[in-house]
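Quick look at final-v4.txt (compact mmCIF, C-alpha atoms and all ligand atoms):
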# COMPACT_ATOMS: atom_id res chain seq x y z
CA MET J 1 17.52 -11.72 9.69
CA GLU J 2 15.42 -10.05 6.99
CA PHE J 3 12.49 -7.70 7.58
CA ARG J 4 9.71 -6.89 5.16
CA LEU J 5 6.95 -4.32 5.54
CA GLY J 6 3.61 -4.22 3.74
CA ASN J 7 0.51 -2.07 3.83
CA GLY J 8 -3.08 -2.78 2.85
CA TYR J 9 -6.20 -0.71 2.28
CA ASP J 10 -9.77 -1.78 1.59
CA VAL J 11 -13.28 -0.32 1.48
CA HIS J 12 -16.69 -2.00 1.51
CA ARG J 13 -20.03 -0.25 1.14
CA PHE J 14 -23.01 -0.62 3.42
CA GLY J 15 -26.21 -2.32 2.29
CA GLU J 16 -29.17 -3.88 4.00
CA GLY J 17 -28.48 -6.21 6.90
CA ASP J 18 -28.12 -6.46 10.64
CA HIS J 19 -24.43 -7.14 11.27
CA VAL J 20 -20.92 -6.52 9.96
CA TRP J 21 -17.93 -8.84 10.01
CA LEU J 22 -14.91 -6.88 11.23
CA CYS J 23 -11.55 -8.59 11.86
CA GLY J 24 -13.25 -11.95 12.32
CA VAL J 25 -15.90 -10.72 14.76
CA LYS J 26 -19.63 -10.54 13.99
CA VAL J 27 -20.72 -7.10 15.20
CA PRO J 28 -24.45 -6.33 15.38
CA HIS J 29 -25.23 -3.22 13.31
CA GLY J 30 -28.21 -1.73 11.50
CA ARG J 31 -26.61 -2.44 8.11
CA SER J 32 -24.20 -4.96 6.60
CA LEU J 33 -21.12 -4.54 4.42
CA GLN J 34 -21.55 -5.68 0.83
CA GLY J 35 -18.97 -7.73 -1.06
CA HIS J 36 -18.30 -10.86 -3.05
CA SER J 37 -17.11 -12.51 0.20
CA ASP J 38 -18.27 -11.79 3.76
CA ALA J 39 -16.82 -8.27 3.21
CA ASP J 40 -14.61 -8.32 6.30
CA VAL J 41 -12.85 -5.11 5.35
CA GLY J 42 -10.30 -5.23 8.18
CA MET J 43 -9.24 -8.78 7.40
CA HIS J 44 -8.93 -7.94 3.71
CA ALA J 45 -6.66 -4.97 4.46
CA LEU J 46 -4.46 -7.15 6.68
CA THR J 47 -4.34 -9.91 4.06
CA ASP J 48 -3.24 -7.35 1.47
CA ALA J 49 -0.58 -6.01 3.86
CA ILE J 50 0.95 -9.50 4.06
CA TYR J 51 0.83 -9.94 0.28
CA GLY J 52 2.41 -6.49 0.00
CA ALA J 53 5.24 -7.37 2.36
CA LEU J 54 5.95 -10.44 0.23
CA ALA J 55 5.54 -8.56 -3.09
CA GLU J 56 2.95 -11.23 -3.95
CA GLY J 57 0.26 -9.08 -5.56
CA ASP J 58 -3.07 -8.51 -3.87
CA ILE J 59 -6.14 -10.34 -2.59
CA GLY J 60 -8.02 -10.01 -5.88
CA GLN J 61 -5.19 -11.73 -7.76
CA HIS J 62 -5.22 -14.71 -5.39
CA PHE J 63 -9.02 -14.80 -4.98
CA PRO J 64 -10.63 -13.16 -8.05
CA PRO J 65 -13.96 -11.45 -7.28
CA THR J 66 -15.19 -12.93 -10.60
CA ASP J 67 -14.68 -16.49 -9.29
CA PRO J 68 -17.99 -17.91 -7.93
CA GLN J 69 -15.92 -20.12 -5.61
CA TRP J 70 -15.38 -17.11 -3.33
CA LYS J 71 -19.00 -15.95 -3.29
CA GLY J 72 -19.93 -15.50 0.37
CA ALA J 73 -16.54 -16.87 1.45
CA GLU J 74 -15.38 -16.38 5.03
CA SER J 75 -12.40 -14.03 4.93
CA HIS J 76 -10.23 -16.14 7.25
CA ILE J 77 -9.59 -18.26 4.11
CA PHE J 78 -7.75 -15.30 2.54
CA LEU J 79 -5.77 -14.42 5.67
CA ARG J 80 -4.77 -18.08 6.24
CA HIS J 81 -3.54 -18.25 2.63
CA ALA J 82 -1.43 -15.09 2.99
CA ILE J 83 0.20 -16.15 6.28
CA LYS J 84 0.92 -19.65 4.91
CA LEU J 85 2.55 -18.06 1.87
CA ALA J 86 4.70 -15.97 4.24
CA ARG J 87 5.71 -19.04 6.25
CA ASP J 88 6.44 -21.05 3.10
CA LYS J 89 8.87 -18.28 2.15
CA GLY J 90 10.52 -18.41 5.59
CA TYR J 91 8.83 -15.38 7.18
CA GLU J 92 6.99 -15.03 10.47
CA MET J 93 4.72 -12.17 11.50
CA MET J 94 6.60 -9.70 13.68
CA ASN J 95 3.56 -7.53 14.34
CA CYS J 96 0.56 -6.12 12.52
CA ASP J 97 -1.72 -3.14 13.00
CA VAL J 98 -5.23 -2.61 11.59
CA THR J 99 -7.12 0.70 11.64
CA LEU J 100 -10.85 0.70 10.93
CA VAL J 101 -12.36 3.99 9.74
CA CYS J 102 -16.05 4.36 10.56
CA GLU J 103 -18.41 6.45 12.62
CA ARG J 104 -20.29 3.30 13.62
CA PRO J 105 -20.20 0.63 14.81
CA LYS J 106 -17.98 1.53 17.72
CA VAL J 107 -14.97 -0.76 17.52
CA GLY J 108 -13.56 -0.22 21.01
CA PRO J 109 -15.87 -2.70 22.78
CA HIS J 110 -14.92 -5.40 20.22
CA ALA J 111 -11.23 -4.62 19.72
CA GLN J 112 -9.92 -7.32 22.06
CA ALA J 113 -12.11 -9.98 20.46
CA MET J 114 -10.88 -8.83 17.04
CA ARG J 115 -7.23 -9.06 18.11
CA ARG J 116 -7.90 -12.53 19.51
CA ALA J 117 -9.64 -13.68 16.32
CA LEU J 118 -6.87 -12.43 14.02
CA ALA J 119 -4.16 -13.89 16.29
CA GLU J 120 -5.89 -17.29 16.28
CA ILE J 121 -6.25 -17.32 12.49
CA MET J 122 -2.57 -16.46 12.02
CA ASP J 123 -1.50 -18.70 14.95
CA ILE J 124 0.50 -15.92 16.60
CA ALA J 125 0.46 -14.26 20.03
CA MET J 126 -2.21 -11.64 20.59
CA ASP J 127 0.36 -9.01 21.58
CA LYS J 128 1.57 -9.03 17.97
CA VAL J 129 -1.85 -7.90 16.75
CA SER J 130 -3.28 -4.40 17.08
CA VAL J 131 -6.79 -3.34 16.07
CA LYS J 132 -7.89 0.25 16.50
CA ALA J 133 -10.40 2.67 15.02
CA THR J 134 -11.02 6.25 14.16
CA THR J 135 -13.95 8.22 12.83
CA SER J 136 -13.38 10.61 9.95
CA GLU J 137 -15.14 13.40 11.86
CA ARG J 138 -18.26 12.87 9.70
CA LEU J 139 -16.29 13.84 6.57
CA GLY J 140 -16.32 11.88 3.32
CA PHE J 141 -17.92 8.51 2.53
CA THR J 142 -17.02 7.00 5.90
CA GLY J 143 -18.32 10.12 7.63
CA ARG J 144 -21.62 9.79 5.75
CA GLU J 145 -21.71 6.13 6.85
CA GLU J 146 -21.79 4.89 3.26
CA GLY J 147 -19.13 2.30 4.02
CA ILE J 148 -16.14 1.33 6.14
CA ALA J 149 -12.48 1.75 5.21
CA ALA J 150 -9.58 -0.19 6.71
CA LEU J 151 -5.82 0.24 6.66
CA ALA J 152 -3.28 -2.33 7.78
CA THR J 153 0.45 -2.70 8.21
CA ALA J 154 2.26 -6.02 8.49
CA ALA J 155 5.90 -6.49 9.50
CA LEU J 156 7.41 -9.87 8.59
CA MET J 157 10.79 -11.24 9.56
CA THR J 158 12.81 -14.34 8.82
CA GLN J 159 13.72 -16.61 11.73
CA ARG J 160 17.35 -16.84 10.62
N1 LIG J 201 -15.76 3.34 14.94
C1 LIG J 201 -15.04 3.83 15.95
C2 LIG J 201 -14.43 5.08 15.89
C3 LIG J 201 -13.72 5.54 16.97
N2 LIG J 201 -13.59 4.75 18.07
C4 LIG J 201 -12.86 5.25 19.27
O1 LIG J 201 -13.13 6.63 19.50
C5 LIG J 201 -11.92 7.39 19.55
C6 LIG J 201 -12.13 8.78 19.03
O2 LIG J 201 -12.37 8.74 17.65
P1 LIG J 201 -12.00 10.06 16.79
O3 LIG J 201 -12.28 9.71 15.38
O4 LIG J 201 -12.90 11.12 17.32
O5 LIG J 201 -10.57 10.35 17.04
C7 LIG J 201 -10.92 6.57 18.76
O6 LIG J 201 -9.60 6.85 19.15
C8 LIG J 201 -11.35 5.16 19.14
O7 LIG J 201 -10.81 4.83 20.41
C9 LIG J 201 -14.17 3.51 18.10
O8 LIG J 201 -14.05 2.77 19.08
N3 LIG J 201 -14.88 3.07 17.04
C1 LIG J 202 -12.18 -10.78 -1.25
C2 LIG J 202 -12.76 -10.87 -2.64
C3 LIG J 202 -12.98 -12.35 -2.94
O1 LIG J 202 -13.46 -12.58 -4.18
O2 LIG J 202 -14.02 -10.24 -2.77
P1 LIG J 202 -14.70 -9.03 -1.93
O3 LIG J 202 -15.47 -9.57 -0.77
O4 LIG J 202 -15.53 -8.21 -2.88
O5 LIG J 202 -13.55 -8.15 -1.31
P2 LIG J 202 -12.49 -7.13 -1.94
O6 LIG J 202 -11.85 -6.45 -0.79
O7 LIG J 202 -13.14 -6.24 -2.93
O8 LIG J 202 -11.35 -8.08 -2.57
C4 LIG J 202 -11.59 -8.81 -3.76
C5 LIG J 202 -11.77 -10.29 -3.69
O9 LIG J 202 -10.52 -10.90 -3.59
For the file at hand, write its structure as structure tokens.
Ligand SMILES: Nc1ccn([C@@H]2O[C@H](COP(=O)(O)O)[C@@H](O)[C@H]2O)c(=O)n1
Ligand SMILES: C[C@@]1(CO)OP(=O)(O)OP(=O)(O)OC[C@H]1O
Amino acid sequence: MEFRLGNGYDVHRFGEGDHVWLCGVKVPHGRSLQGHSDADVGMHALTDAIYGALAEGDIGQHFPPTDPQWKGAESHIFLRHAIKLARDKGYEMMNCDVTLVCERPKVGPHAQAMRRALAEIMDIAMDKVSVKATTSERLGFTGREEGIAALATAALMTQR
């Protein structure tokens, strides 16, 4: 059996709007995250963690932000691509862990729905998916609520 570990990090800034997409869940909020895609910062970090575990570059290399094809794209497209790449190489997700860094919105009330959404996209059991959050104690860009940061870890293993 072979194990591989990857990490991912992403940031998206706030702009005008009334909701944010976080780990596949539409969360009502006074502002929206800006990006070329739907700006689901948690899903992007997890996607990058899988690419990292596979040593397969990063999300921008697979889905260039200069390519109009991905304008407004739903981020499950990116995560589905990464997990398929893992499976094509003989790996399965052992477990993954996403941390969202923001003062608001509060993630706790949505964390189970986020775990469920990510698990469904990757076609894995929900107990292999963790989503949690922290504030940055009002420090820095996340503390000033200028944007949201996300970190993710993915552990892959071969079935053999
Ligand atoms: N956006 C957030 C941030 C935090 N939480 C929950 O609150 C707990 C305390 O946060 P601290 O930054 O003060 O440690 C944290 O452990 C989360 O459970 C949240 O739900 N959403
Ligand atoms: C996801 C992509 C898709 O074009 O665009 P963004 O929504 O801007 O997100 P980012 O995290 O900056 O990653 C780059 C791109 O791959």
With the cut-off set at 12 Å and counting all atoms listed in the file, tabulate each residue of chain J with an atom at most that distance from an atom of ligand LIG 201 (chain J), showing the nearest atom pair and its distance in Å to one decimal, ordered by chain and increasing number, as JSON lines.
{"residue": "J:Leu22", "atom": "CA", "partner": "J:LIG201", "partner_atom": "N1", "distance": 10.9}
{"residue": "J:Val27", "atom": "CA", "partner": "J:LIG201", "partner_atom": "N1", "distance": 11.6}
{"residue": "J:His29", "atom": "CA", "partner": "J:LIG201", "partner_atom": "N1", "distance": 11.6}
{"residue": "J:Thr99", "atom": "CA", "partner": "J:LIG201", "partner_atom": "C2", "distance": 9.5}
{"residue": "J:Leu100", "atom": "CA", "partner": "J:LIG201", "partner_atom": "N1", "distance": 6.9}
{"residue": "J:Val101", "atom": "CA", "partner": "J:LIG201", "partner_atom": "N1", "distance": 6.2}
{"residue": "J:Cys102", "atom": "CA", "partner": "J:LIG201", "partner_atom": "N1", "distance": 4.5}
{"residue": "J:Glu103", "atom": "CA", "partner": "J:LIG201", "partner_atom": "N1", "distance": 4.7}
{"residue": "J:Arg104", "atom": "CA", "partner": "J:LIG201", "partner_atom": "N1", "distance": 4.7}
{"residue": "J:Pro105", "atom": "CA", "partner": "J:LIG201", "partner_atom": "N1", "distance": 5.2}
{"residue": "J:Lys106", "atom": "CA", "partner": "J:LIG201", "partner_atom": "N3", "distance": 3.5}
{"residue": "J:Val107", "atom": "CA", "partner": "J:LIG201", "partner_atom": "N3", "distance": 3.9}
{"residue": "J:Gly108", "atom": "CA", "partner": "J:LIG201", "partner_atom": "O8", "distance": 3.6}
{"residue": "J:Pro109", "atom": "CA", "partner": "J:LIG201", "partner_atom": "O8", "distance": 6.9}
{"residue": "J:His110", "atom": "CA", "partner": "J:LIG201", "partner_atom": "O8", "distance": 8.3}
{"residue": "J:Ala111", "atom": "CA", "partner": "J:LIG201", "partner_atom": "O8", "distance": 7.9}
{"residue": "J:Gln112", "atom": "CA", "partner": "J:LIG201", "partner_atom": "O8", "distance": 11.3}
{"residue": "J:Val131", "atom": "CA", "partner": "J:LIG201", "partner_atom": "O8", "distance": 10.0}
{"residue": "J:Lys132", "atom": "CA", "partner": "J:LIG201", "partner_atom": "C8", "distance": 6.6}
{"residue": "J:Ala133", "atom": "CA", "partner": "J:LIG201", "partner_atom": "C2", "distance": 4.8}
{"residue": "J:Thr134", "atom": "CA", "partner": "J:LIG201", "partner_atom": "O3", "distance": 3.9}
{"residue": "J:Thr135", "atom": "CA", "partner": "J:LIG201", "partner_atom": "O3", "distance": 3.4}
{"residue": "J:Ser136", "atom": "CA", "partner": "J:LIG201", "partner_atom": "O3", "distance": 5.6}
{"residue": "J:Glu137", "atom": "CA", "partner": "J:LIG201", "partner_atom": "O3", "distance": 5.8}
{"residue": "J:Arg138", "atom": "CA", "partner": "J:LIG201", "partner_atom": "O3", "distance": 8.8}
{"residue": "J:Leu139", "atom": "CA", "partner": "J:LIG201", "partner_atom": "O3", "distance": 10.5}
{"residue": "J:Thr142", "atom": "CA", "partner": "J:LIG201", "partner_atom": "N1", "distance": 9.8}
{"residue": "J:Gly143", "atom": "CA", "partner": "J:LIG201", "partner_atom": "O3", "distance": 9.8}
{"residue": "J:Glu145", "atom": "CA", "partner": "J:LIG201", "partner_atom": "N1", "distance": 10.4}
{"residue": "J:Gly147", "atom": "CA", "partner": "J:LIG201", "partner_atom": "N1", "distance": 11.5}
{"residue": "J:Ile148", "atom": "CA", "partner": "J:LIG201", "partner_atom": "N1", "distance": 9.0}
{"residue": "J:Ala149", "atom": "CA", "partner": "J:LIG201", "partner_atom": "N1", "distance": 10.4}
{"residue": "J:Ala150", "atom": "CA", "partner": "J:LIG201", "partner_atom": "N1", "distance": 10.9}
(message) Give me, as an MDAnalysis selection string, all polymer residues having an atom no more than 7 Å from J:Pro28, counting all atoms listed in the file and skipping those fewer than 6 positions away in the same chain.
(response) chainID J and resid 18:20
Determine, using only C-alpha atoms and all ligand atoms, which residues of chain J have any atom at most 12 Å from an atom of ligand LIG 202 (chain J), and tabulate each with its shortest atom pair and distance in Å to one decimal place, rows ordered by chain and then rising number, as a tab-separated table.
residue	atom	partner	partner_atom	distance
J:Gly8	CA	J:LIG202	O6	10.2
J:Tyr9	CA	J:LIG202	O6	8.6
J:Asp10	CA	J:LIG202	O6	5.6
J:Val11	CA	J:LIG202	O6	6.7
J:His12	CA	J:LIG202	O6	7.0
J:Arg13	CA	J:LIG202	O4	10.0
J:Trp21	CA	J:LIG202	O3	11.1
J:Leu33	CA	J:LIG202	O3	9.2
J:Gln34	CA	J:LIG202	O3	7.4
J:Gly35	CA	J:LIG202	O4	3.9
J:His36	CA	J:LIG202	O4	3.8
J:Ser37	CA	J:LIG202	O3	3.5
J:Asp38	CA	J:LIG202	O3	5.8
J:Ala39	CA	J:LIG202	O3	4.4
J:Asp40	CA	J:LIG202	O3	7.2
J:Val41	CA	J:LIG202	O6	6.4
J:Gly42	CA	J:LIG202	O6	9.2
J:Met43	CA	J:LIG202	O6	8.9
J:His44	CA	J:LIG202	O6	5.6
J:Ala45	CA	J:LIG202	O6	7.5
J:Leu46	CA	J:LIG202	O6	10.5
J:Thr47	CA	J:LIG202	C1	9.5
J:Asp48	CA	J:LIG202	O6	8.9
J:Gly57	CA	J:LIG202	O9	11.1
J:Asp58	CA	J:LIG202	O9	7.8
J:Ile59	CA	J:LIG202	O9	4.5
J:Gly60	CA	J:LIG202	O9	3.5
J:Gln61	CA	J:LIG202	O9	6.8
J:His62	CA	J:LIG202	O9	6.8
J:Phe63	CA	J:LIG202	O9	4.4
J:Pro64	CA	J:LIG202	O1	4.8
J:Pro65	CA	J:LIG202	O1	3.3
J:Thr66	CA	J:LIG202	O1	6.7
J:Asp67	CA	J:LIG202	O1	6.5
J:Pro68	CA	J:LIG202	O1	7.9
J:Gln69	CA	J:LIG202	O1	8.1
J:Trp70	CA	J:LIG202	O1	5.0
J:Lys71	CA	J:LIG202	O1	6.5
J:Gly72	CA	J:LIG202	O3	7.5
J:Ala73	CA	J:LIG202	C3	7.2
J:Glu74	CA	J:LIG202	O3	8.9
J:Ser75	CA	J:LIG202	C1	7.0
J:His76	CA	J:LIG202	C1	10.2
J:Ile77	CA	J:LIG202	C1	9.6
J:Phe78	CA	J:LIG202	C1	7.4
J:Leu79	CA	J:LIG202	C1	10.1
J:His81	CA	J:LIG202	O9	11.9
J:Ala82	CA	J:LIG202	O9	12.0
J:Ile148	CA	J:LIG202	O6	11.3
J:Ala149	CA	J:LIG202	O6	10.2
J:Ala150	CA	J:LIG202	O6	10.0
J:Leu151	CA	J:LIG202	O6	11.7
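The two atoms in question, atom CA of J:Met114 and atom CA of J:Lys26, are spaced 9.4 Å apart.
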(message) Measuring between all atoms listed in the file, which one of J:Leu156, J:Val129, J:Ala49, J:Leu5 shows the shortest distance to J:Ala117?
(response)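 Ranking J:Leu156, J:Val129, J:Ala49, J:Leu5 by distance to J:Ala117, first place goes to J:Val129.
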(request) Using only C-alpha atoms, pick whichever of J:Leu85, J:Leu118, J:Ala113, J:Ile124 has the shortest atom-to-atom distance to J:Gly52. (result)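 That would be J:Leu85, the residue with the smallest distance to J:Gly52.
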(request) Return the single residue from J:Leu54, J:Ala86, J:Ile121, J:Met94 that is closest to J:Val25, with distances computed using all atoms listed in the file. (result)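 Counting all atoms listed in the file, the residue closest to J:Val25 is J:Ile121.
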(request) Quick one: pull the distance between atom CA of J:Ser32 and atom CA of J:Arg80, Å, one decimal. (result)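 Going from atom CA of J:Ser32 over to atom CA of J:Arg80 covers 23.4 Å.
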(request) Kindly extract all protein, DNA and RNA residues lying within 9 Å of the coordinates (14.6, -6.6, 4.8) given in the file, considering only C-alpha atoms, and supply them as a PyMOL selection string. (result) chain J and resi 1-5+156-158
(request) Find the distance between atom CA of J:Glu92 and atom CA of J:Gly6 and write it in Å to one decimal. (result)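 These two atoms are separated by 13.2 Å.
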(request) Give as a list in words every residue, naming chains and numbers as the document does, that has an atom within 6 Å of (1.2, -3.9, 8.3), counting all atoms listed in the file. (result)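 The requested residues, written out, are Gly6, Asn7, Ala49, Cys96, Asp97, Ala152, Thr153, Ala154 and Ala155 of chain J.
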Missing atoms in stretch 87-114 of chain J need filling: write out N, CA and C atoms for it as a PDB file, in the frame of the given file.
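Listed below is the output, part.pdb:
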ATOM      1  N   ARG J  87       4.933 -17.992   5.554  1.00  0.00           N
ATOM      2  CA  ARG J  87       5.710 -19.040   6.250  1.00  0.00           C
ATOM      3  C   ARG J  87       6.443 -19.933   5.250  1.00  0.00           C
ATOM      4  N   ASP J  88       5.792 -20.223   4.130  1.00  0.00           N
ATOM      5  CA  ASP J  88       6.440 -21.050   3.100  1.00  0.00           C
ATOM      6  C   ASP J  88       7.695 -20.374   2.561  1.00  0.00           C
ATOM      7  N   LYS J  89       7.706 -19.040   2.623  1.00  0.00           N
ATOM      8  CA  LYS J  89       8.870 -18.280   2.150  1.00  0.00           C
ATOM      9  C   LYS J  89       9.867 -18.010   3.275  1.00  0.00           C
ATOM     10  N   GLY J  90       9.580 -18.522   4.470  1.00  0.00           N
ATOM     11  CA  GLY J  90      10.520 -18.410   5.590  1.00  0.00           C
ATOM     12  C   GLY J  90      10.283 -17.211   6.494  1.00  0.00           C
ATOM     13  N   TYR J  91       9.128 -16.550   6.350  1.00  0.00           N
ATOM     14  CA  TYR J  91       8.830 -15.380   7.180  1.00  0.00           C
ATOM     15  C   TYR J  91       7.841 -15.700   8.272  1.00  0.00           C
ATOM     16  N   GLU J  92       7.956 -14.953   9.377  1.00  0.00           N
ATOM     17  CA  GLU J  92       6.990 -15.030  10.470  1.00  0.00           C
ATOM     18  C   GLU J  92       6.489 -13.608  10.725  1.00  0.00           C
ATOM     19  N   MET J  93       5.270 -13.501  11.216  1.00  0.00           N
ATOM     20  CA  MET J  93       4.720 -12.170  11.500  1.00  0.00           C
ATOM     21  C   MET J  93       5.416 -11.574  12.726  1.00  0.00           C
ATOM     22  N   MET J  94       5.978 -10.392  12.551  1.00  0.00           N
ATOM     23  CA  MET J  94       6.600  -9.700  13.680  1.00  0.00           C
ATOM     24  C   MET J  94       5.487  -8.977  14.457  1.00  0.00           C
ATOM     25  N   ASN J  95       4.751  -8.141  13.757  1.00  0.00           N
ATOM     26  CA  ASN J  95       3.560  -7.530  14.340  1.00  0.00           C
ATOM     27  C   ASN J  95       2.702  -6.950  13.213  1.00  0.00           C
ATOM     28  N   CYS J  96       1.451  -6.720  13.520  1.00  0.00           N
ATOM     29  CA  CYS J  96       0.560  -6.120  12.520  1.00  0.00           C
ATOM     30  C   CYS J  96      -0.387  -5.157  13.220  1.00  0.00           C
ATOM     31  N   ASP J  97      -0.902  -4.224  12.440  1.00  0.00           N
ATOM     32  CA  ASP J  97      -1.720  -3.140  13.000  1.00  0.00           C
ATOM     33  C   ASP J  97      -2.826  -2.814  12.001  1.00  0.00           C
ATOM     34  N   VAL J  98      -4.069  -2.899  12.455  1.00  0.00           N
ATOM     35  CA  VAL J  98      -5.230  -2.610  11.590  1.00  0.00           C
ATOM     36  C   VAL J  98      -5.956  -1.384  12.135  1.00  0.00           C
ATOM     37  N   THR J  99      -6.290  -0.454  11.248  1.00  0.00           N
ATOM     38  CA  THR J  99      -7.120   0.700  11.640  1.00  0.00           C
ATOM     39  C   THR J  99      -8.422   0.660  10.844  1.00  0.00           C
ATOM     40  N   LEU J 100      -9.534   0.661  11.558  1.00  0.00           N
ATOM     41  CA  LEU J 100     -10.850   0.700  10.930  1.00  0.00           C
ATOM     42  C   LEU J 100     -11.356   2.140  10.963  1.00  0.00           C
ATOM     43  N   VAL J 101     -11.876   2.615   9.830  1.00  0.00           N
ATOM     44  CA  VAL J 101     -12.360   3.990   9.740  1.00  0.00           C
ATOM     45  C   VAL J 101     -13.868   3.974   9.561  1.00  0.00           C
ATOM     46  N   CYS J 102     -14.580   4.310  10.619  1.00  0.00           N
ATOM     47  CA  CYS J 102     -16.050   4.360  10.560  1.00  0.00           C
ATOM     48  C   CYS J 102     -16.580   5.166  11.741  1.00  0.00           C
ATOM     49  N   GLU J 103     -17.728   5.771  11.511  1.00  0.00           N
ATOM     50  CA  GLU J 103     -18.410   6.450  12.620  1.00  0.00           C
ATOM     51  C   GLU J 103     -19.025   5.391  13.541  1.00  0.00           C
ATOM     52  N   ARG J 104     -19.655   4.408  12.923  1.00  0.00           N
ATOM     53  CA  ARG J 104     -20.290   3.300  13.620  1.00  0.00           C
ATOM     54  C   ARG J 104     -20.107   2.035  12.800  1.00  0.00           C
ATOM     55  N   PRO J 105     -20.078   0.865  13.376  1.00  0.00           N
ATOM     56  CA  PRO J 105     -20.200   0.630  14.810  1.00  0.00           C
ATOM     57  C   PRO J 105     -18.954   1.068  15.574  1.00  0.00           C
ATOM     58  N   LYS J 106     -19.117   1.259  16.865  1.00  0.00           N
ATOM     59  CA  LYS J 106     -17.980   1.530  17.720  1.00  0.00           C
ATOM     60  C   LYS J 106     -17.145   0.252  17.827  1.00  0.00           C
ATOM     61  N   VAL J 107     -15.872   0.394  17.580  1.00  0.00           N
ATOM     62  CA  VAL J 107     -14.970  -0.760  17.520  1.00  0.00           C
ATOM     63  C   VAL J 107     -14.406  -1.083  18.905  1.00  0.00           C
ATOM     64  N   GLY J 108     -14.205  -0.053  19.710  1.00  0.00           N
ATOM     65  CA  GLY J 108     -13.560  -0.220  21.010  1.00  0.00           C
ATOM     66  C   GLY J 108     -14.049  -1.428  21.813  1.00  0.00           C
ATOM     67  N   PRO J 109     -15.376  -1.582  21.972  1.00  0.00           N
ATOM     68  CA  PRO J 109     -15.870  -2.700  22.780  1.00  0.00           C
ATOM     69  C   PRO J 109     -15.550  -4.076  22.186  1.00  0.00           C
ATOM     70  N   HIS J 110     -15.185  -4.123  20.899  1.00  0.00           N
ATOM     71  CA  HIS J 110     -14.920  -5.400  20.220  1.00  0.00           C
ATOM     72  C   HIS J 110     -13.444  -5.598  19.889  1.00  0.00           C
ATOM     73  N   ALA J 111     -12.628  -4.598  20.196  1.00  0.00           N
ATOM     74  CA  ALA J 111     -11.230  -4.620  19.720  1.00  0.00           C
ATOM     75  C   ALA J 111     -10.445  -5.819  20.250  1.00  0.00           C
ATOM     76  N   GLN J 112     -10.674  -6.178  21.511  1.00  0.00           N
ATOM     77  CA  GLN J 112      -9.920  -7.320  22.060  1.00  0.00           C
ATOM     78  C   GLN J 112     -10.333  -8.620  21.382  1.00  0.00           C
ATOM     79  N   ALA J 113     -11.631  -8.770  21.160  1.00  0.00           N
ATOM     80  CA  ALA J 113     -12.110  -9.980  20.460  1.00  0.00           C
ATOM     81  C   ALA J 113     -11.555 -10.030  19.041  1.00  0.00           C
ATOM     82  N   MET J 114     -11.435  -8.875  18.394  1.00  0.00           N
ATOM     83  CA  MET J 114     -10.880  -8.830  17.040  1.00  0.00           C
ATOM     84  C   MET J 114      -9.409  -9.226  17.035  1.00  0.00           C
TER      85      MET J 114
END
